[in-house]
Number of protein chains: 2
Amino acid sequence: MYQLTARDIRRRNRFCVLQAVYAAEGHTSRQEIAQATGLSFATVGNMIAELLDVGVLAELGYDAPGIGRPRARLAINPDRGTLVGVDIAETSIHFDLFDLAMTALRSVEIPVDPTATEPADVAELIIRGIGELTAGEADRVLGIGLSVPGLVEPEGGVSVFSPYWHWHNVPLKALLEQRLPYPLYLDNPLKASTAAHLWFGAGRDVDDLIVVTLRAGVGIGVVIDGMLYRGVTNSAGEWGHTNLVLDGRPCSCGRSGCVEAYVSAPGIVQTLRELAPASPLISNDDALTIAAIAAAAARGDLIACEVIEKTGHYLGVTVANLVNLFNPRTMVFGDLVASHLGEPLLEVTRRVAAHHAMSDPFEAVTLQLSTLPHNPASLGAATFALEGFLADRETFGSIAARRALRTTST
Amino acid sequence: MYQLTARDIRRRNRFCVLQAVYAAEGHTSRQEIAQATGLSFATVGNMIAELLDVGVLAELGYDAPGIGRPRARLAINPDRGTLVGVDIAETSIHFDLFDLAMTALRSVEIPVDPTATEPADVAELIIRGIGELTAGEADRVLGIGLSVPGLVEPEGGVSVFSPYWHWHNVPLKALLEQRLPYPLYLDNPLKASTAAHLWFGAGRDVDDLIVVTLRAGVGIGVVIDGMLYRGVTNSAGEWGHTNLVLDGRPCSCGRSGCVEAYVSAPGIVQTLRELAPASPLISNDDALTIAAIAAAAARGDLIACEVIEKTGHYLGVTVANLVNLFNPRTMVFGDLVASHLGEPLLEVTRRVAAHHAMSDPFEAVTLQLSTLPHNPASLGAATFALEGFLADRETFGSIAARRALRTTST
Ligand SMILES: [Zn+2]
Ligand SMILES: [Zn+2]
């Protein structure tokens, strides 16, 4: 049985308190945090004292309600330091710099030369991008998170398998940390997006959440009891290659009938091709085709509507399976496909899922579109760096020592 | 975010220590428990002191190893009290009495009159069965667990929906507790079987486990980090009615293509009917037919082998989906179908799952047959009563008081 220690609880409560501060968007108070988290006022007080002490929170003066003691206004201290989120994709690498309030300060994007995708080449691009992003204030960086496509082993920072470049067991963190003297955190885009939703999206309101990413590839991230669920080898949520249609369409993975072959951007384009091989909506770029389908459906184009209907049917069946298996509170649909096809796709999905799912878990779940403004993979990667900073013994370990020092010096 | 308290940790560590004692099958020592659980020697010492104090454990003398201090032999104290497990099925109710070492002392079975299945009728049978089972030693019963088919709300003890008798929101616990003055725990057979496997089966060795129950209906129980996973409305694991074949066979639930329509006992009989409508293996009783298929396949009957091949194909595809989604360490297959078709079915399942699952999570998982000797639903129901007894504030709350008393009186 998994062991829990007092330190696990302390870290978890710290995350919990800080998530409530982020969710307040502006400032909040100890009283409001206690209410929002269900933690005791004493626990909240302790956590806040720590977070003030290390400079993650700041006090912004006092509210003076009608009765009772004035309440200290608490907020994230954006100037405590910066976090970097890196989204490594097939054709480009995107870098975002965030202050501690997770406001994006600036971005850098570097194209990937398709003829130079050896680990050393990509590492070089990452180092260059981070150099440009943090120029002049490298010493303010608290940590760097990297979203690496494919299967990732986060503890060791290893890219176990990367589908684009056929990497196998690349020790990316080791390659980088010689030249990037910051804490580095690696995981894949699904896990990163899910962390972003957990801290800054639907996870603010619910503890049991499935984040469905629909783009060139598809996958899910599962949040259980407010924690990202990883499975025993960090492979949990490989929904894209679960079977949807026995002996169905060939999939990019070499199998047939996978969910991804039907509800990814290329899968949806394939559905369009099957319905209307010569459709003028089809272009060489799947993203443009998806956008064209959305626009055509909005003006009532029958073929485009049928593509959305069929896609929603496929999606609804597999969503029903997820609802039956995981019994979550919320499912969030995001990325390319969801942002273009949006509510029309979700409406069909809901209708079909309502038929296929068991009624009790279906009544318990809400299906909704993502509301996150940023690239969730990059924001999520930076969130791993935030979590790492907050969980770090060094960040909090020396509080007692510093307190003692301060007491002595005053 | 889900709140953890010091009490949660204490209870969890207590379960952890006690599971290690059960797993030792005989006696063990503080040193071995610390090794098996990874808990500190101090924590183990505290937990053991508590468990000795309330009589759950007993010291059986000392081992004298070559060097060092002699080690106290620790074992479950079977005479501390008894636990009752009740498995409510469609045609009969099975009652088992266990001592605290979870040795089955005796059983009672009462048939259900199919014309008298109102909640009050069934409650009457339960009260009668428990009366017979515990006659003369009712005061030794520490708790009663009931496995109730269908959807159950364990906190309130409500049968939300029972498929056999079309119960809706029956407050079964409230009906019983007026006349059964014991702590009562209700959940469904899948959850109960999973608890049994968690404490006394494969869960002894692994923390991330899926228990697959294959009988007239099918379903899974999911163990994550050593804890039964319930989802937000206790519906998680409704695998039987996830879709396997789009627009496939009609299912008992009214949908089509559900997993249950292919890998349950009736589903397998249906596969046989489709292959050989006049097969002499077919009888009116699905359990007999499944046994006949197993026996025929063992002597090389081609049709029987083909039924197993097809069933393993269906099972393999859906097992691959579960492996991809949950990334578990072990999957255990149990009940009627698994016990009859056994390794031959599991072999096909492994082969097909190996093709359909992603290689990383498939390499991480072991597919195995159940090794539990008893009716897992009844054992599991009694396990809920055990967990309830161990989690009860009253069981442990008065330790400090009693210790003080003892100190005073000596
Ligand atoms: Zn695939
Ligand atoms: Zn069904």
# chains A, B, ... in the order shown; residues from 1 in each chain; ligands from 1
$ residues_around --residues "B:Leu151" --least-positions-apart "6" --cutoff "7 Å" --atoms "only C-alpha atoms" --output "number ranges by chain"
B: 159-162, 188
$ write_last_selection --atoms "all heavy atoms" --output "PDB file, in the first residue's frame"
ATOM      1  N   SER B 159     -29.733   0.781  -1.728  1.00  0.00           N
ATOM      2  CA  SER B 159     -29.693   0.098  -3.011  1.00  0.00           C
ATOM      3  C   SER B 159     -30.330   1.039  -4.032  1.00  0.00           C
ATOM      4  O   SER B 159     -31.552   1.150  -4.120  1.00  0.00           O
ATOM      5  CB  SER B 159     -30.462  -1.228  -2.930  1.00  0.00           C
ATOM      6  OG  SER B 159     -30.653  -1.740  -4.232  1.00  0.00           O
ATOM      7  N   VAL B 160     -29.485   1.754  -4.782  1.00  0.00           N
ATOM      8  CA  VAL B 160     -29.983   2.777  -5.708  1.00  0.00           C
ATOM      9  C   VAL B 160     -30.755   2.112  -6.843  1.00  0.00           C
ATOM     10  O   VAL B 160     -31.802   2.564  -7.260  1.00  0.00           O
ATOM     11  CB  VAL B 160     -28.806   3.608  -6.258  1.00  0.00           C
ATOM     12  CG1 VAL B 160     -29.293   4.635  -7.275  1.00  0.00           C
ATOM     13  CG2 VAL B 160     -28.054   4.292  -5.114  1.00  0.00           C
ATOM     14  N   PHE B 161     -30.203   1.013  -7.319  1.00  0.00           N
ATOM     15  CA  PHE B 161     -30.878   0.277  -8.382  1.00  0.00           C
ATOM     16  C   PHE B 161     -30.428  -1.173  -8.340  1.00  0.00           C
ATOM     17  O   PHE B 161     -29.242  -1.469  -8.305  1.00  0.00           O
ATOM     18  CB  PHE B 161     -30.544   0.882  -9.749  1.00  0.00           C
ATOM     19  CG  PHE B 161     -31.045   0.047 -10.891  1.00  0.00           C
ATOM     20  CD1 PHE B 161     -32.404  -0.106 -11.110  1.00  0.00           C
ATOM     21  CD2 PHE B 161     -30.145  -0.627 -11.722  1.00  0.00           C
ATOM     22  CE1 PHE B 161     -32.862  -0.916 -12.143  1.00  0.00           C
ATOM     23  CE2 PHE B 161     -30.600  -1.431 -12.759  1.00  0.00           C
ATOM     24  CZ  PHE B 161     -31.968  -1.575 -12.967  1.00  0.00           C
ATOM     25  N   SER B 162     -31.385  -2.082  -8.305  1.00  0.00           N
ATOM     26  CA  SER B 162     -31.062  -3.502  -8.322  1.00  0.00           C
ATOM     27  C   SER B 162     -31.664  -4.121  -9.576  1.00  0.00           C
ATOM     28  O   SER B 162     -32.878  -4.059  -9.776  1.00  0.00           O
ATOM     29  CB  SER B 162     -31.632  -4.187  -7.083  1.00  0.00           C
ATOM     30  OG  SER B 162     -31.560  -5.584  -7.267  1.00  0.00           O
ATOM     31  N   ASN B 188     -21.688  -3.175  -3.701  1.00  0.00           N
ATOM     32  CA  ASN B 188     -22.094  -4.188  -4.670  1.00  0.00           C
ATOM     33  C   ASN B 188     -21.025  -5.286  -4.825  1.00  0.00           C
ATOM     34  O   ASN B 188     -19.925  -5.178  -4.282  1.00  0.00           O
ATOM     35  CB  ASN B 188     -22.510  -3.542  -6.000  1.00  0.00           C
ATOM     36  CG  ASN B 188     -21.346  -3.033  -6.810  1.00  0.00           C
ATOM     37  OD1 ASN B 188     -20.192  -3.377  -6.554  1.00  0.00           O
ATOM     38  ND2 ASN B 188     -21.651  -2.215  -7.795  1.00  0.00           N
TER      39      ASN B 188
END
$ interface_residues --of "chain B" --to "chain A" --cutoff "6 Å" --atoms "only C-alpha atoms" --output "tab-separated table (two decimals) with N, CA and C atoms, in the first residue's frame"
chain	number	residue	atom	x	y	z
B	1	MET	N	-9.64	20.30	-3.85
B	1	MET	CA	-8.73	19.15	-3.69
B	1	MET	C	-9.12	18.35	-2.45
B	2	TYR	N	-9.09	17.06	-2.59
B	2	TYR	CA	-9.43	16.15	-1.51
B	2	TYR	C	-8.53	16.39	-0.29
B	207	ASP	N	-0.16	-2.66	-5.60
B	207	ASP	CA	-1.04	-1.58	-5.16
B	207	ASP	C	-1.99	-1.11	-6.26
B	225	ASP	N	-3.30	2.79	-5.93
B	225	ASP	CA	-2.51	3.10	-4.72
B	225	ASP	C	-3.05	2.38	-3.50
B	226	GLY	N	-3.46	1.13	-3.68
B	226	GLY	CA	-3.92	0.34	-2.55
B	226	GLY	C	-5.30	0.68	-2.04
B	231	GLY	N	-14.92	6.46	-7.98
B	231	GLY	CA	-15.50	7.52	-8.81
B	231	GLY	C	-16.39	8.43	-7.97
B	232	VAL	N	-16.97	9.45	-8.62
B	232	VAL	CA	-17.68	10.45	-7.82
B	232	VAL	C	-19.03	9.97	-7.32
B	235	SER	N	-19.82	4.68	-9.10
B	235	SER	CA	-20.15	3.94	-10.31
B	235	SER	C	-18.93	3.54	-11.14
B	236	ALA	N	-17.75	3.94	-10.72
B	236	ALA	CA	-16.56	3.64	-11.51
B	236	ALA	C	-16.46	2.13	-11.73
B	237	GLY	N	-15.94	1.73	-12.89
B	237	GLY	CA	-15.77	0.31	-13.17
B	237	GLY	C	-16.97	-0.33	-13.86
B	238	GLU	N	-17.87	0.49	-14.40
B	238	GLU	CA	-19.02	-0.07	-15.14
B	238	GLU	C	-18.55	-0.52	-16.52
B	239	TRP	N	-17.63	-1.45	-16.49
B	239	TRP	CA	-17.00	-1.92	-17.71
B	239	TRP	C	-17.94	-2.78	-18.55
B	242	THR	N	-19.60	-0.91	-21.23
B	242	THR	CA	-18.85	-0.10	-22.19
B	242	THR	C	-19.01	-0.76	-23.55
B	321	ASN	N	-7.85	-2.09	-23.88
B	321	ASN	CA	-8.35	-0.74	-23.60
B	321	ASN	C	-8.15	-0.38	-22.13
B	324	ASN	N	-4.48	0.32	-21.45
B	324	ASN	CA	-4.11	1.64	-21.95
B	324	ASN	C	-4.62	2.76	-21.04
B	325	LEU	N	-5.84	2.61	-20.55
B	325	LEU	CA	-6.45	3.70	-19.78
B	325	LEU	C	-5.94	3.74	-18.35
B	326	PHE	N	-5.82	2.56	-17.70
B	326	PHE	CA	-5.51	2.55	-16.27
B	326	PHE	C	-4.04	2.24	-15.97
B	327	ASN	N	-3.35	1.62	-16.90
B	327	ASN	CA	-1.93	1.30	-16.70
B	327	ASN	C	-1.70	0.61	-15.34
B	328	PRO	N	-2.42	-0.53	-15.12
B	328	PRO	CA	-2.31	-1.21	-13.82
B	328	PRO	C	-1.12	-2.18	-13.78
$ select_by_dssp --residues "stretch 21-258 of chain B" --states "helix (DSSP H, G or I)" --output "PyMOL selection string"
chain B and resi 21-24+30-37+41-53+78-80+119-133+138-140+172-177+189-200+202-204+239-241
$ closest_residue --among "B:Gly248, B:Pro373, B:Gly131, B:Gly312" --to "ligand 2" --atoms "only C-alpha atoms and all ligand atoms"
B:Gly248
$ residues_around --residues "stretch 88-98 of chain A" --least-positions-apart "2" --cutoff "7 Å" --atoms "only C-alpha atoms" --output "compact mmCIF listing (two decimals) with N, CA, C and O atoms, in the first residue's frame"
# COMPACT_ATOMS: atom_id res chain seq x y z
N THR A 82 10.31 33.70 -11.96
CA THR A 82 9.62 33.33 -13.21
C THR A 82 9.70 31.82 -13.43
O THR A 82 10.56 31.13 -12.87
N LEU A 83 8.77 31.34 -14.26
CA LEU A 83 8.72 29.93 -14.62
C LEU A 83 8.68 29.84 -16.14
O LEU A 83 8.04 30.67 -16.80
N VAL A 84 9.33 28.83 -16.69
CA VAL A 84 9.37 28.66 -18.14
C VAL A 84 8.57 27.41 -18.51
O VAL A 84 8.74 26.36 -17.88
N GLY A 85 7.71 27.56 -19.51
CA GLY A 85 7.01 26.40 -20.07
C GLY A 85 7.44 26.19 -21.51
O GLY A 85 7.46 27.14 -22.30
N VAL A 86 7.83 24.96 -21.83
CA VAL A 86 8.32 24.65 -23.18
C VAL A 86 7.42 23.58 -23.78
O VAL A 86 7.23 22.52 -23.17
N LEU A 100 5.15 34.58 -11.39
CA LEU A 100 4.62 33.58 -10.46
C LEU A 100 3.10 33.61 -10.38
O LEU A 100 2.48 32.64 -9.93
N MET A 102 1.47 33.39 -12.90
CA MET A 102 1.21 32.64 -14.13
C MET A 102 0.65 33.53 -15.24
O MET A 102 -0.12 33.08 -16.10
N THR A 103 1.05 34.77 -15.22
CA THR A 103 0.78 35.66 -16.34
C THR A 103 1.91 35.47 -17.36
O THR A 103 3.09 35.49 -16.98
N ALA A 104 1.54 35.26 -18.63
CA ALA A 104 2.56 35.07 -19.67
C ALA A 104 3.23 36.41 -19.94
O ALA A 104 2.57 37.39 -20.29
N LEU A 105 4.54 36.47 -19.76
CA LEU A 105 5.28 37.72 -19.96
C LEU A 105 5.74 37.86 -21.41
O LEU A 105 5.65 38.92 -21.99
N ARG A 106 6.26 36.78 -21.97
CA ARG A 106 6.62 36.80 -23.39
C ARG A 106 6.84 35.38 -23.87
O ARG A 106 6.92 34.44 -23.09
N SER A 107 6.95 35.26 -25.20
CA SER A 107 7.06 33.95 -25.84
C SER A 107 8.15 33.96 -26.89
O SER A 107 8.50 35.02 -27.42
N VAL A 108 8.64 32.80 -27.18
CA VAL A 108 9.61 32.61 -28.27
C VAL A 108 9.16 31.36 -29.01
O VAL A 108 8.65 30.41 -28.39
N GLU A 109 9.30 31.33 -30.31
CA GLU A 109 8.98 30.12 -31.06
C GLU A 109 10.13 29.83 -32.01
O GLU A 109 10.62 30.73 -32.71
N ILE A 110 10.58 28.59 -32.02
CA ILE A 110 11.71 28.21 -32.87
C ILE A 110 11.30 27.03 -33.73
O ILE A 110 10.82 26.02 -33.20
N PRO A 111 11.45 27.14 -35.06
CA PRO A 111 11.08 26.01 -35.91
C PRO A 111 12.06 24.85 -35.74
O PRO A 111 13.25 25.06 -35.45
N VAL A 112 11.56 23.63 -35.93
CA VAL A 112 12.42 22.45 -35.90
C VAL A 112 12.75 22.07 -37.34
O VAL A 112 11.85 21.87 -38.16
N GLY A 129 16.37 28.59 -27.26
CA GLY A 129 15.08 29.25 -26.99
C GLY A 129 14.99 29.78 -25.57
O GLY A 129 14.52 30.90 -25.34
N LEU A 133 14.51 33.59 -24.36
CA LEU A 133 13.33 33.91 -23.55
C LEU A 133 13.71 34.60 -22.25
O LEU A 133 13.00 35.50 -21.78
N SER A 147 7.20 20.04 -22.06
CA SER A 147 6.23 19.09 -22.58
C SER A 147 6.87 18.38 -23.77
O SER A 147 7.16 19.02 -24.79
N VAL A 148 7.10 17.09 -23.61
CA VAL A 148 7.82 16.31 -24.61
C VAL A 148 6.85 15.28 -25.19
O VAL A 148 6.27 14.49 -24.44
N PRO A 149 6.65 15.27 -26.51
CA PRO A 149 5.65 14.36 -27.08
C PRO A 149 6.01 12.89 -26.84
O PRO A 149 7.18 12.55 -26.73
N TYR A 164 7.37 11.33 -33.23
CA TYR A 164 7.78 12.09 -34.41
C TYR A 164 9.18 11.71 -34.88
O TYR A 164 9.45 11.59 -36.06
N SER A 378 2.13 24.29 -22.80
CA SER A 378 3.19 25.14 -22.27
C SER A 378 2.86 25.64 -20.86
O SER A 378 3.71 25.60 -19.96
$ closest_residue --among "A:Val122, A:Val269, A:Leu184, A:Ile76" --to "A:Ser283" --atoms "only C-alpha atoms"
A:Val269
$ atom_distance --atom1 "atom CA of A:Asp53" --atom2 "atom CA of A:Gly143"
19.2 Å
